[in-house]
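Trainee: Sharing data-v6.txt here; it has compact mmCIF, C-alpha atoms.
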# COMPACT_ATOMS: atom_id res chain seq x y z
CA MET A 1 4.86 -8.68 -21.40
CA THR A 2 3.61 -11.17 -24.00
CA GLN A 3 4.29 -14.89 -24.04
CA ASP A 4 6.77 -14.26 -26.88
CA SER A 5 8.87 -11.93 -24.73
CA LEU A 6 12.41 -13.14 -24.18
CA VAL A 7 12.45 -11.37 -20.79
CA SER A 8 9.20 -11.15 -18.83
CA CYS A 9 8.57 -8.49 -16.22
CA SER A 10 6.11 -8.23 -13.33
CA ILE A 11 5.99 -5.79 -10.44
CA GLU A 12 4.46 -6.57 -7.07
CA ASN A 13 4.66 -4.39 -3.94
CA GLY A 14 7.47 -2.34 -5.43
CA ILE A 15 9.63 -5.34 -6.38
CA ALA A 16 10.26 -6.03 -10.06
CA LEU A 17 10.72 -9.63 -11.17
CA LEU A 18 12.60 -10.09 -14.44
CA THR A 19 12.54 -13.63 -15.84
CA LEU A 20 14.79 -14.74 -18.67
CA ASN A 21 12.40 -16.57 -20.96
CA ARG A 22 14.05 -19.04 -23.33
CA PRO A 23 13.50 -22.21 -21.30
CA ASP A 24 14.07 -24.51 -24.30
CA LYS A 25 17.58 -23.01 -24.61
CA ARG A 26 18.18 -22.88 -20.83
CA ASN A 27 17.82 -19.10 -21.23
CA ALA A 28 21.00 -18.67 -23.26
CA MET A 29 21.55 -14.97 -23.92
CA SER A 30 20.67 -14.08 -27.52
CA ASP A 31 21.00 -10.59 -28.97
CA GLY A 32 17.21 -10.24 -28.79
CA MET A 33 17.10 -11.24 -25.13
CA ARG A 34 19.87 -8.79 -24.30
CA ALA A 35 18.01 -5.98 -26.07
CA GLU A 36 14.83 -6.70 -24.11
CA LEU A 37 16.79 -6.90 -20.86
CA VAL A 38 18.41 -3.52 -21.52
CA GLU A 39 15.05 -1.94 -22.35
CA LEU A 40 13.48 -3.26 -19.15
CA LEU A 41 16.43 -2.15 -17.03
CA HIS A 42 16.08 1.37 -18.44
CA THR A 43 12.37 1.35 -17.59
CA ILE A 44 12.96 0.08 -14.05
CA ARG A 45 15.74 2.61 -13.47
CA THR A 46 13.37 5.51 -14.08
CA ASP A 47 10.33 4.04 -12.29
CA ARG A 48 10.40 5.49 -8.77
CA SER A 49 7.76 3.02 -7.62
CA VAL A 50 10.21 0.12 -8.08
CA ARG A 51 12.46 -0.24 -5.06
CA ALA A 52 14.18 -3.59 -5.74
CA LEU A 53 14.76 -6.11 -8.53
CA VAL A 54 14.81 -9.92 -8.62
CA LEU A 55 16.35 -11.62 -11.65
CA THR A 56 15.71 -15.30 -12.42
CA GLY A 57 15.30 -17.77 -15.27
CA SER A 58 12.33 -19.74 -16.51
CA GLY A 59 12.33 -23.53 -16.64
CA LYS A 60 15.31 -25.51 -15.39
CA GLY A 61 18.10 -23.03 -16.04
CA PHE A 62 19.10 -19.54 -14.94
CA CYS A 63 21.18 -18.68 -18.01
CA ALA A 64 23.30 -21.13 -20.01
CA GLY A 65 25.61 -18.35 -21.24
CA GLY A 66 26.03 -17.10 -24.78
CA ASP A 67 23.73 -18.22 -27.56
CA ILE A 68 25.16 -21.10 -29.60
CA ALA A 69 23.33 -19.86 -32.71
CA GLY A 70 25.25 -16.59 -32.44
CA MET A 71 28.53 -18.48 -32.13
CA LYS A 72 27.67 -20.52 -35.24
CA THR A 73 26.93 -17.35 -37.19
CA ARG A 74 30.30 -15.94 -36.16
CA MET A 75 32.09 -19.09 -37.37
CA GLU A 76 30.42 -18.76 -40.78
CA ALA A 77 30.97 -15.00 -41.16
CA ASP A 78 33.52 -13.32 -43.41
CA PRO A 79 36.76 -13.32 -41.37
CA ALA A 80 37.28 -9.66 -42.27
CA THR A 81 34.13 -8.71 -40.34
CA VAL A 82 34.50 -10.95 -37.27
CA GLY A 83 36.79 -8.68 -35.26
CA PHE A 84 34.77 -5.49 -35.47
CA ASN A 85 31.41 -7.27 -35.19
CA GLY A 86 32.71 -9.01 -32.08
CA TRP A 87 33.83 -5.69 -30.63
CA GLU A 88 30.37 -4.22 -31.25
CA ARG A 89 28.68 -7.18 -29.60
CA GLN A 90 31.00 -6.88 -26.61
CA GLN A 91 29.88 -3.28 -26.15
CA GLY A 92 26.30 -4.53 -25.84
CA VAL A 93 27.28 -7.25 -23.36
CA HIS A 94 29.18 -4.80 -21.19
CA TYR A 95 26.45 -2.18 -21.37
CA ALA A 96 23.85 -4.65 -20.10
CA ALA A 97 26.12 -5.79 -17.25
CA SER A 98 26.90 -2.18 -16.32
CA LEU A 99 23.21 -1.25 -16.28
CA LEU A 100 22.43 -4.10 -13.92
CA LEU A 101 25.47 -3.45 -11.71
CA ASN A 102 24.70 0.25 -11.36
CA LEU A 103 20.93 0.06 -10.98
CA PRO A 104 20.20 2.45 -8.05
CA ILE A 105 18.15 -0.16 -6.17
CA PRO A 106 19.05 -3.48 -4.53
CA THR A 107 19.19 -6.39 -6.99
CA VAL A 108 18.92 -10.11 -6.23
CA ALA A 109 19.76 -12.98 -8.58
CA ALA A 110 17.54 -15.99 -7.88
CA VAL A 111 19.59 -18.75 -9.52
CA ASN A 112 17.27 -21.67 -10.19
CA GLY A 113 19.60 -23.86 -12.25
CA ALA A 114 22.66 -23.64 -14.46
CA ALA A 115 24.44 -20.27 -14.50
CA ALA A 116 27.19 -20.82 -17.04
CA GLY A 117 29.70 -18.38 -18.47
CA LEU A 118 27.82 -15.21 -19.29
CA GLY A 119 24.96 -16.51 -17.11
CA ALA A 120 27.25 -16.78 -14.09
CA ASP A 121 28.55 -13.28 -14.80
CA LEU A 122 24.98 -12.01 -15.05
CA ALA A 123 24.15 -13.42 -11.62
CA LEU A 124 27.21 -11.75 -10.09
CA SER A 125 26.21 -8.43 -11.64
CA CYS A 126 23.48 -8.38 -8.99
CA ASP A 127 24.09 -7.20 -5.44
CA PHE A 128 23.04 -10.53 -3.93
CA VAL A 129 22.86 -14.12 -5.18
CA ILE A 130 20.48 -16.77 -3.86
CA ALA A 131 21.05 -20.31 -5.12
CA SER A 132 18.45 -23.05 -5.20
CA ASP A 133 19.36 -26.69 -4.58
CA TYR A 134 19.62 -27.12 -8.36
CA ALA A 135 21.85 -24.12 -8.98
CA HIS A 136 25.37 -24.50 -10.26
CA PHE A 137 27.94 -22.11 -11.69
CA THR A 138 30.68 -22.50 -14.29
CA TRP A 139 33.16 -20.16 -15.98
CA ALA A 140 34.25 -22.38 -18.90
CA TYR A 141 35.30 -19.59 -21.25
CA ILE A 142 38.90 -20.71 -21.57
CA ALA A 143 37.85 -24.22 -22.64
CA ARG A 144 36.28 -22.52 -25.67
CA GLY A 145 39.29 -20.33 -26.34
CA LEU A 146 37.71 -17.20 -24.88
CA VAL A 147 38.21 -14.87 -21.94
CA PRO A 148 35.35 -14.15 -19.49
CA ASP A 149 33.56 -11.30 -21.22
CA GLY A 150 30.45 -10.67 -19.12
CA GLY A 151 32.18 -9.19 -16.09
CA GLY A 152 33.50 -12.39 -14.52
CA MET A 153 37.06 -11.07 -14.30
CA TYR A 154 35.71 -8.12 -12.31
CA PHE A 155 32.94 -9.70 -10.21
CA LEU A 156 34.37 -13.11 -9.33
CA PRO A 157 37.63 -11.94 -7.65
CA ARG A 158 35.59 -9.57 -5.51
CA ARG A 159 33.51 -12.46 -4.24
CA VAL A 160 36.05 -15.27 -3.83
CA GLY A 161 39.48 -13.62 -3.93
CA LEU A 162 42.03 -13.54 -6.75
CA PRO A 163 43.59 -17.04 -6.49
CA ARG A 164 40.21 -18.79 -6.26
CA ALA A 165 38.85 -16.73 -9.14
CA LYS A 166 41.81 -17.75 -11.28
CA ALA A 167 41.32 -21.41 -10.34
CA LEU A 168 37.61 -21.36 -11.21
CA ILE A 169 38.19 -19.58 -14.54
CA PHE A 170 41.30 -21.52 -15.59
CA SER A 171 39.73 -24.91 -14.82
CA GLY A 172 36.18 -24.06 -15.85
CA ARG A 173 34.92 -26.58 -13.33
CA ARG A 174 31.35 -26.75 -12.09
CA VAL A 175 30.48 -25.32 -8.66
CA ASN A 176 27.32 -26.65 -7.00
CA ALA A 177 25.07 -24.71 -4.63
CA ASP A 178 26.81 -25.88 -1.46
CA GLU A 179 30.26 -24.90 -2.66
CA ALA A 180 28.95 -21.65 -4.13
CA LEU A 181 27.68 -20.71 -0.67
CA GLN A 182 30.95 -21.77 0.95
CA LEU A 183 33.09 -19.77 -1.50
CA GLY A 184 30.89 -16.67 -1.38
CA ILE A 185 29.61 -16.92 -4.94
CA ALA A 186 26.14 -17.23 -3.43
CA ASP A 187 24.93 -15.40 -0.33
CA GLN A 188 22.15 -17.81 0.54
CA ARG A 189 20.89 -21.25 -0.44
CA CYS A 190 17.32 -22.52 -0.31
CA SER A 191 15.05 -25.14 -1.80
CA ALA A 192 13.81 -24.69 -5.34
CA ASP A 193 10.24 -24.30 -4.08
CA GLU A 194 11.23 -21.41 -1.83
CA LEU A 195 13.62 -19.64 -4.21
CA LEU A 196 11.41 -16.79 -5.40
CA ASN A 197 9.83 -16.24 -1.97
CA THR A 198 13.31 -16.09 -0.43
CA ALA A 199 14.53 -13.70 -3.12
CA HIS A 200 11.50 -11.43 -2.69
CA THR A 201 12.01 -11.41 1.08
CA MET A 202 15.65 -10.40 0.67
CA ALA A 203 14.74 -7.75 -1.91
CA ASP A 204 12.11 -6.36 0.45
CA GLU A 205 14.54 -6.27 3.40
CA MET A 206 17.33 -4.65 1.41
CA SER A 207 15.03 -1.94 0.04
CA SER A 208 13.24 -1.02 3.27
CA GLY A 209 15.38 2.06 3.93
CA SER A 210 15.86 5.37 2.15
CA ARG A 211 15.94 4.98 -1.62
CA THR A 212 18.16 8.05 -1.90
CA ALA A 213 20.69 6.82 0.66
CA THR A 214 20.69 3.31 -0.80
CA ALA A 215 21.32 4.55 -4.34
CA LEU A 216 24.14 6.86 -3.27
CA THR A 217 25.75 4.24 -1.04
CA LYS A 218 25.64 1.66 -3.84
CA SER A 219 27.17 4.11 -6.32
CA ILE A 220 30.18 4.54 -4.03
CA ILE A 221 30.63 1.07 -2.58
CA ASN A 222 30.59 -0.50 -6.05
CA LYS A 223 33.77 1.46 -6.83
CA SER A 224 35.40 1.33 -3.40
CA TYR A 225 38.01 -1.33 -4.29
CA GLU A 226 39.39 1.01 -6.95
CA MET A 227 39.43 4.09 -4.70
CA SER A 228 41.69 5.33 -1.92
CA GLU A 229 40.21 6.07 1.48
CA SER A 230 40.39 9.80 0.76
CA GLN A 231 38.39 9.31 -2.43
CA VAL A 232 35.77 7.26 -0.58
CA PHE A 233 35.56 9.97 2.08
CA ALA A 234 35.21 12.67 -0.59
CA GLU A 235 32.48 10.79 -2.44
CA GLY A 236 30.74 10.07 0.86
CA SER A 237 30.80 13.74 1.82
CA LYS A 238 29.09 14.76 -1.41
CA ALA A 239 26.53 11.99 -1.05
CA GLN A 240 25.80 12.96 2.55
CA GLY A 241 25.17 16.52 1.49
CA ILE A 242 22.46 15.24 -0.84
CA CYS A 243 21.02 13.00 1.88
CA TYR A 244 20.73 15.94 4.29
CA THR A 245 18.23 17.51 1.90
CA SER A 246 16.29 14.35 1.07
CA GLU A 247 12.67 13.86 2.01
CA GLU A 248 13.47 10.52 3.66
CA HIS A 249 16.09 12.01 5.98
CA ARG A 250 13.95 14.98 6.96
CA ALA A 251 10.95 12.75 7.68
CA SER A 252 13.09 10.38 9.75
CA VAL A 253 14.59 13.20 11.83
CA GLN A 254 11.20 14.82 12.36
CA ALA A 255 9.71 11.50 13.50
CA PHE A 256 12.59 11.06 15.95
CA LEU A 257 12.16 14.58 17.32
CA ASP A 258 8.42 14.00 17.71
CA ARG A 259 9.05 10.81 19.69
CA MET A 260 11.52 12.62 21.93
CA LYS A 261 8.99 15.39 22.57
CA GLU A 262 6.28 12.89 23.44
CA ALA A 263 8.62 11.05 25.81
CA GLN A 264 9.36 14.28 27.67
CA GLN A 265 5.70 15.14 28.22
Show how you would write the structure in this file as structure tokens.
Mentor:
Amino acid sequence: MTQDSLVSCSIENGIALLTLNRPDKRNAMSDGMRAELVELLHTIRTDRSVRALVLTGSGKGFCAGGDIAGMKTRMEADPATVGFNGWERQQGVHYAASLLLNLPIPTVAAVNGAAAGLGADLALSCDFVIASDYAHFTWAYIARGLVPDGGGMYFLPRRVGLPRAKALIFSGRRVNADEALQLGIADQRCSADELLNTAHTMADEMSSGSRTATALTKSIINKSYEMSESQVFAEGSKAQGICYTSEEHRASVQAFLDRMKEAQQ
């Protein structure tokens, strides 16, 4: 990635680090940044050498939400075009969130500062959230006459429960790192200096098992709240059939059998 990239990418020991790179705007999500993020997520999805992803922001913020310049453009646009253009933009927002949510590897949001609106939703699109001492979260959509459009109405209730999600969205109040950990918005808190090391450690731990089994498990568990137990069982049965034939499972069983044989000698 070049210095002009709005999302930088590096890969070390199988862990991809994506960094939102508009520090002067607290990494507010512009259309260009979203396009780069989508492109990188597609690349990571098909790169079998990448086994986990860490997402963070450069500078003092994680992601300040939607880009104010884009909002200004919308205010100045022909009213006859606003509705459809907004619908098109929403498709892009939802596509990016869906890509991140359904990435077949463990994902960790390393929240280094403000995660506001769309930025908070982006963090919760990841499997795990680590908050630094400077992290804070807000869902202030309603104060601007909007509904949470980046997945907050889906992700937040699953982390904190329905009444608390309503309270956080209706009030739009700020949640600091301590409260985020208490409520379950964040899974871990650490110092700012240790944030990326902590996130890499978690990513490494969560991706140490079978890639095949992890991907299949994630694809089912992400939908489990919307499924009956019989549907979960059915999806699990199909996934297990695939796992039985995987290289990881066969190698694991063979290693176990070899250890048993050695123990008997």
Trainee: Identify, on the basis of only C-alpha atoms, every residue whose closest approach to segment 171-185 of chain A does not exceed 12 Å; exclude the query and any residue fewer than 5 positions from it along the same chain; express the result as a VMD selection string.
Mentor: chain A and resid 109 to 117 120 to 121 123 to 148 152 155 to 161 163 to 166 190 to 192
Trainee: Between A:Val7, A:Leu40, A:Val108, A:Cys243, which has the minimum distance to Asn197 of chain A (counting only C-alpha atoms)?
Mentor: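 The closest residue to Asn197 of chain A is A:Val108.
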Trainee: Please compute the atom CA of Ile15 of chain A-atom CA of Arg51 of chain A distance, one decimal, in Å.
Mentor: 6.0 Å
Trainee: Taking only C-alpha atoms into account, which of A:Gly150, A:Pro79, A:Gly65, A:Pro104 comes nearest Ala215 of chain A?
Mentor: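 The closest residue to Ala215 of chain A is A:Pro104.
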Trainee: If we count all atoms listed in the file and set the cut-off at 9 Å, which residues sit around Ile242 of chain A, ignoring sequence neighbours fewer than 3 positions away in its own chain? Please answer as a list in words.
Mentor: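 These residues fall inside the cut-off: Thr212, Ala213, Leu216, Ser237, Lys238, Ala239, Thr245 and Ser246 of chain A.
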Trainee: Just how far from atom CA of Ile68 of chain A is atom CA of Leu103 of chain A, in Å to one decimal?
Mentor: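 Atom CA of Leu103 of chain A sits 28.5 Å away from atom CA of Ile68 of chain A.
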